[in-house]
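Report on one structure; see the data block that follows.
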Amino acid sequence: MNGSREKISRREFIGGAAATATGAMILNAGAARGPAVNSTLRLGILGCGGRGIAVGTGFVDNTNTRVVALADLFADQLEAGRKHFDERQQAKGYAAIDTSQLFRGPEAYKQIAASNEVDFILITTPPYFHPQHLETAVKAGKHVYCEKPVAVDVPGAKQVARIGEEAEGKLSLEVGFQIRKAPPYVELVKRIHGGALGKIGCGLGYYFCGHIDRPEWPNASPDEKRLRNWVWDRALSGDIVVEQNIHIIDVANWILQGHPDYAVGSGGRKLRADLGDCWDNFNLVFTYPDHVQVGFGSTQFDTPAFDAGTLFFGAKGSSEAHYDHRVSIAGAESWDAGLGPAQGSVQFSVAGKFKGSLDQADVEKQKSFVESITSGQFHNQAAQGVESALSAMLGRMAAYSGRLVTWDELMKSEEVYDPHIDISKFA
Ligand SMILES: NC(=O)c1ccc[n+]([C@@H]2O[C@H](COP(=O)([O-])OP(=O)(O)OC[C@H]3O[C@@H](n4cnc5c(N)ncnc54)[C@H](O)[C@@H]3O)[C@@H](O)[C@H]2O)c1
């Protein structure tokens, strides 16, 4: 994983963006549209896969947004995106996406960032590319909605933290933790922060999920297969704890209002048989400030089981919050969001389409992001996105190493996740 090629390319990239000794980026000031915007926002989608289509469609359906540009490494993905949005937007009376705004190949991320037709960019490429794609979009002065995780390694997370500092007050930078906008979760966390559990003693989080199936791509080269099936690949995804389980770790950080001090853990690859190298289970214990310990378990192998949630236990009560059903507090200040029984299936987590407690999460997230742009009250979720990515990396490092890892040790990590894929050959 420790690759010099990627180290160089990242350094070169930062150098290219930074004309100053401090590494500060020169932002294309004025490119981002602010409070003056009250017309339809123009969206460019970078990464036309499952999540790009789902969130892009949500923006079109739920907000005054029109998809005007698309970018992808692969022609078939780009074409599927074009077809989808042209059909979808026809119903709204919009013209087809202009062919000059369809960008394909390894330079597509630069081209869509440079487009004058675009107000904001949705980054839904594989996680390994997020720091580079985010930096390019922000440098071009575009508002950005970047999917989680913001990075797969600590140097990448620090890069995103710097990008966030540079974007502050100039544009909206949203990170894809939609659970933080789900009304049942918002109410639950408000009550917990208001003292409904009393002093919190400990907690439990878990993400039990089946295997994420992908097409075989039998005629693709080995590198193309990895890119197409990045979700199986440690260097491209960050492994399941950073790529997928991060949602639950983010909820724990939200409830406990901080990040873990240290973690221990283990896990492995026991039952999954795909071509990748991601583990299929993690068992971790995170210790938060004041010695609040949060156990965490996850699976991602061929099993019909699905449940993702958190439980917290305090002096006055306990809380329970799942993705697809029960969100409640028991004890002196009991409360129940009134959701029905479990409806779990692995498909929920693949496209981020959930039934139950998260029904409104994406809608609320999309509306509030657009509102942040049109009102000029810009969001900047870089620091929070970085904190949750680093928390997940802490658990990963503890499990991979088999020993206790502190936050301070994690922050010194210079390990670079490098897929060793030369993507210029996909030009
Ligand atoms: N918030 C959620 O609930 C949620 C749910 C699903 C996925 N996600 C996140 O969304 C992101 C995308 O996931 P997905 O499931 O849509 O993956 P996907 O594989 O379906 O889509 C990724 C797309 O990016 C393209 N791509 C790959 N490398 C590229 C590059 N260098 N430049 C341009 N395009 C490139 C691929 O061709 C593909 O079309 C990931 O970060 C994932 O973690 C979030």
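Starting from 1 in every chain, residues are counted up; chains themselves are A, B, ... following the order of the structure tokens, and ligands are numbered from 1 as listed.
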
Do a neighbour search on Thr125 of chain A at 7 Å with only C-alpha atoms, toss out local chain neighbours closer than 2 positions, and write the hits as a count of residues only. 6

Which parts of segment 186-319 of chain A does DSSP call strand (DSSP E or B) when run on the backbone here, written out as a PyMOL selection string? chain A and resi 200-209+262-268+281-288+292-300+307-314+317-319

Using only C-alpha atoms, the shortest atom-to-atom distance to Ala252 of chain A among A:Ser388, A:Gln381, A:Gln366, A:Asn281 belongs to A:Ser388

How close does each residue of segment 129-224 of chain A get to segment 68-86 of chain A, giving the shortest atom pair and distance in Å to one decimal for every residue with an atom at most 12 Å away, counting only C-alpha atoms, sorted by chain and residue number, as a Markdown table?
| residue | atom | partner | partner_atom | distance |
| --- | --- | --- | --- | --- |
| A:Phe129 | CA | A:Leu73 | CA | 11.6 |
| A:His133 | CA | A:Ala71 | CA | 11.5 |
| A:Ala220 | CA | A:Phe74 | CA | 11.8 |
| A:Glu224 | CA | A:Phe74 | CA | 9.6 |

Can you list, as a PyMOL selection string, every protein, DNA or RNA residue that comes within 7 Å of Tyr262 of chain A when you count only C-alpha atoms, leaving out same-chain residues fewer than 2 positions away? chain A and resi 260+286-287+404-407

Atoms to include: C-alpha atoms. Write the selected residues as a PDB file, in the first residue's frame.
ATOM      1  CA  PRO A 260     -12.190   8.296  19.433  1.00  0.00           C
ATOM      2  CA  PHE A 286     -13.252   2.619  19.929  1.00  0.00           C
ATOM      3  CA  THR A 287     -12.522   4.531  23.134  1.00  0.00           C
ATOM      4  CA  LEU A 404      -3.933  -0.499  20.166  1.00  0.00           C
ATOM      5  CA  VAL A 405      -3.602   2.589  17.951  1.00  0.00           C
ATOM      6  CA  THR A 406      -4.006   6.116  19.289  1.00  0.00           C
ATOM      7  CA  TRP A 407      -5.350   9.114  17.396  1.00  0.00           C
TER       8      TRP A 407
END

Might you pull out every residue within 8 Å of Gly331 of chain A, with only C-alpha atoms counted and same-chain residues fewer than 5 positions away left off, and present them as a list in words?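 Residues near the query, excluding close chain neighbours: Leu197, Lys316, Gly317 and Ser318 of chain A.
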
Which neighbours of segment 301-312 of chain A fall inside 7 Å, counting only C-alpha atoms, when residues of the same chain fewer than 2 positions from it are skipped, and could you give them as a list in words? Cys202, Gly203, Leu204, Gly205, Tyr206, Tyr207, Phe208, Cys209, Gly210, His211, Ile248, Leu271, Arg272, Asp280, Thr299, Gly314, Ser318, Ser319, Glu320, Ala321, His322, Tyr323, Gly344, Ser345 and Val346 of chain A

Restrict the selected residues to N, CA and C atoms and save them as a short mmCIF file (atom, residue, chain, number, x, y, z; two decimals), in the first residue's frame.
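What follows is the written file result-v3.cif:
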data_model
loop_
_atom_site.label_atom_id
_atom_site.label_comp_id
_atom_site.auth_asym_id
_atom_site.auth_seq_id
_atom_site.Cartn_x
_atom_site.Cartn_y
_atom_site.Cartn_z
N CYS A 202 -21.47 3.76 27.60
CA CYS A 202 -20.85 3.00 26.51
C CYS A 202 -21.83 2.88 25.35
N GLY A 203 -21.36 2.33 24.26
CA GLY A 203 -22.22 2.20 23.09
C GLY A 203 -21.81 1.03 22.22
N LEU A 204 -22.62 0.82 21.20
CA LEU A 204 -22.37 -0.27 20.26
C LEU A 204 -22.82 0.20 18.87
N GLY A 205 -22.00 -0.07 17.88
CA GLY A 205 -22.39 0.24 16.50
C GLY A 205 -22.14 -0.99 15.65
N TYR A 206 -22.89 -1.12 14.58
CA TYR A 206 -22.65 -2.28 13.71
C TYR A 206 -23.18 -2.00 12.31
N TYR A 207 -22.61 -2.71 11.36
CA TYR A 207 -23.03 -2.63 9.96
C TYR A 207 -22.93 -4.03 9.39
N PHE A 208 -24.01 -4.79 9.54
CA PHE A 208 -24.02 -6.16 9.04
C PHE A 208 -24.70 -6.17 7.68
N CYS A 209 -23.94 -6.53 6.67
CA CYS A 209 -24.37 -6.34 5.30
C CYS A 209 -23.90 -7.51 4.45
N GLY A 210 -24.65 -7.81 3.41
CA GLY A 210 -24.24 -8.86 2.49
C GLY A 210 -23.16 -8.38 1.52
N HIS A 211 -22.71 -9.30 0.67
CA HIS A 211 -21.71 -8.97 -0.34
C HIS A 211 -22.28 -7.96 -1.34
N ILE A 248 -21.85 4.62 10.15
CA ILE A 248 -22.19 4.36 11.55
C ILE A 248 -21.15 5.01 12.47
N LEU A 271 -14.93 -15.21 4.29
CA LEU A 271 -15.97 -15.86 3.50
C LEU A 271 -16.19 -15.26 2.11
N ARG A 272 -15.68 -14.06 1.86
CA ARG A 272 -15.96 -13.51 0.54
C ARG A 272 -14.99 -14.07 -0.48
N ASP A 280 -13.81 -8.95 5.04
CA ASP A 280 -15.27 -9.11 5.06
C ASP A 280 -15.84 -9.04 6.47
N THR A 299 -19.95 -6.81 8.77
CA THR A 299 -19.73 -7.91 7.81
C THR A 299 -20.00 -7.37 6.41
N GLY A 314 -26.86 5.01 28.79
CA GLY A 314 -26.50 6.06 29.74
C GLY A 314 -27.13 5.84 31.10
N SER A 318 -31.40 4.52 27.42
CA SER A 318 -30.60 3.99 26.31
C SER A 318 -31.27 4.37 24.99
N SER A 319 -30.47 4.41 23.94
CA SER A 319 -31.00 4.77 22.62
C SER A 319 -30.74 3.65 21.63
N GLU A 320 -31.56 3.63 20.60
CA GLU A 320 -31.44 2.62 19.56
C GLU A 320 -31.74 3.32 18.25
N ALA A 321 -30.92 3.13 17.23
CA ALA A 321 -31.18 3.77 15.94
C ALA A 321 -30.69 2.88 14.81
N HIS A 322 -31.61 2.43 13.99
CA HIS A 322 -31.27 1.58 12.85
C HIS A 322 -31.47 2.39 11.57
N TYR A 323 -30.99 1.81 10.47
CA TYR A 323 -31.19 2.46 9.17
C TYR A 323 -32.65 2.38 8.72
N GLY A 344 -34.92 -4.81 6.20
CA GLY A 344 -33.54 -4.83 5.73
C GLY A 344 -33.26 -5.70 4.53
N SER A 345 -32.40 -5.19 3.68
CA SER A 345 -31.82 -5.99 2.60
C SER A 345 -30.55 -5.30 2.16
N VAL A 346 -29.65 -6.08 1.59
CA VAL A 346 -28.35 -5.53 1.19
C VAL A 346 -28.51 -4.40 0.17
#

Straight-line distance linking atom 41 (O, counted along the ligand's line) of ligand 1 with atom CA of Glu147 of chain A, stated in Å to one decimal: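 So the two atoms, atom 41 (O, counted along the ligand's line) of ligand 1 and atom CA of Glu147 of chain A, lie 5.0 Å apart.
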
Could you please determine the separation between atom CA of Lys110 of chain A and atom CA of Gly56 of chain A in Å, to one decimal place? 19.3 Å
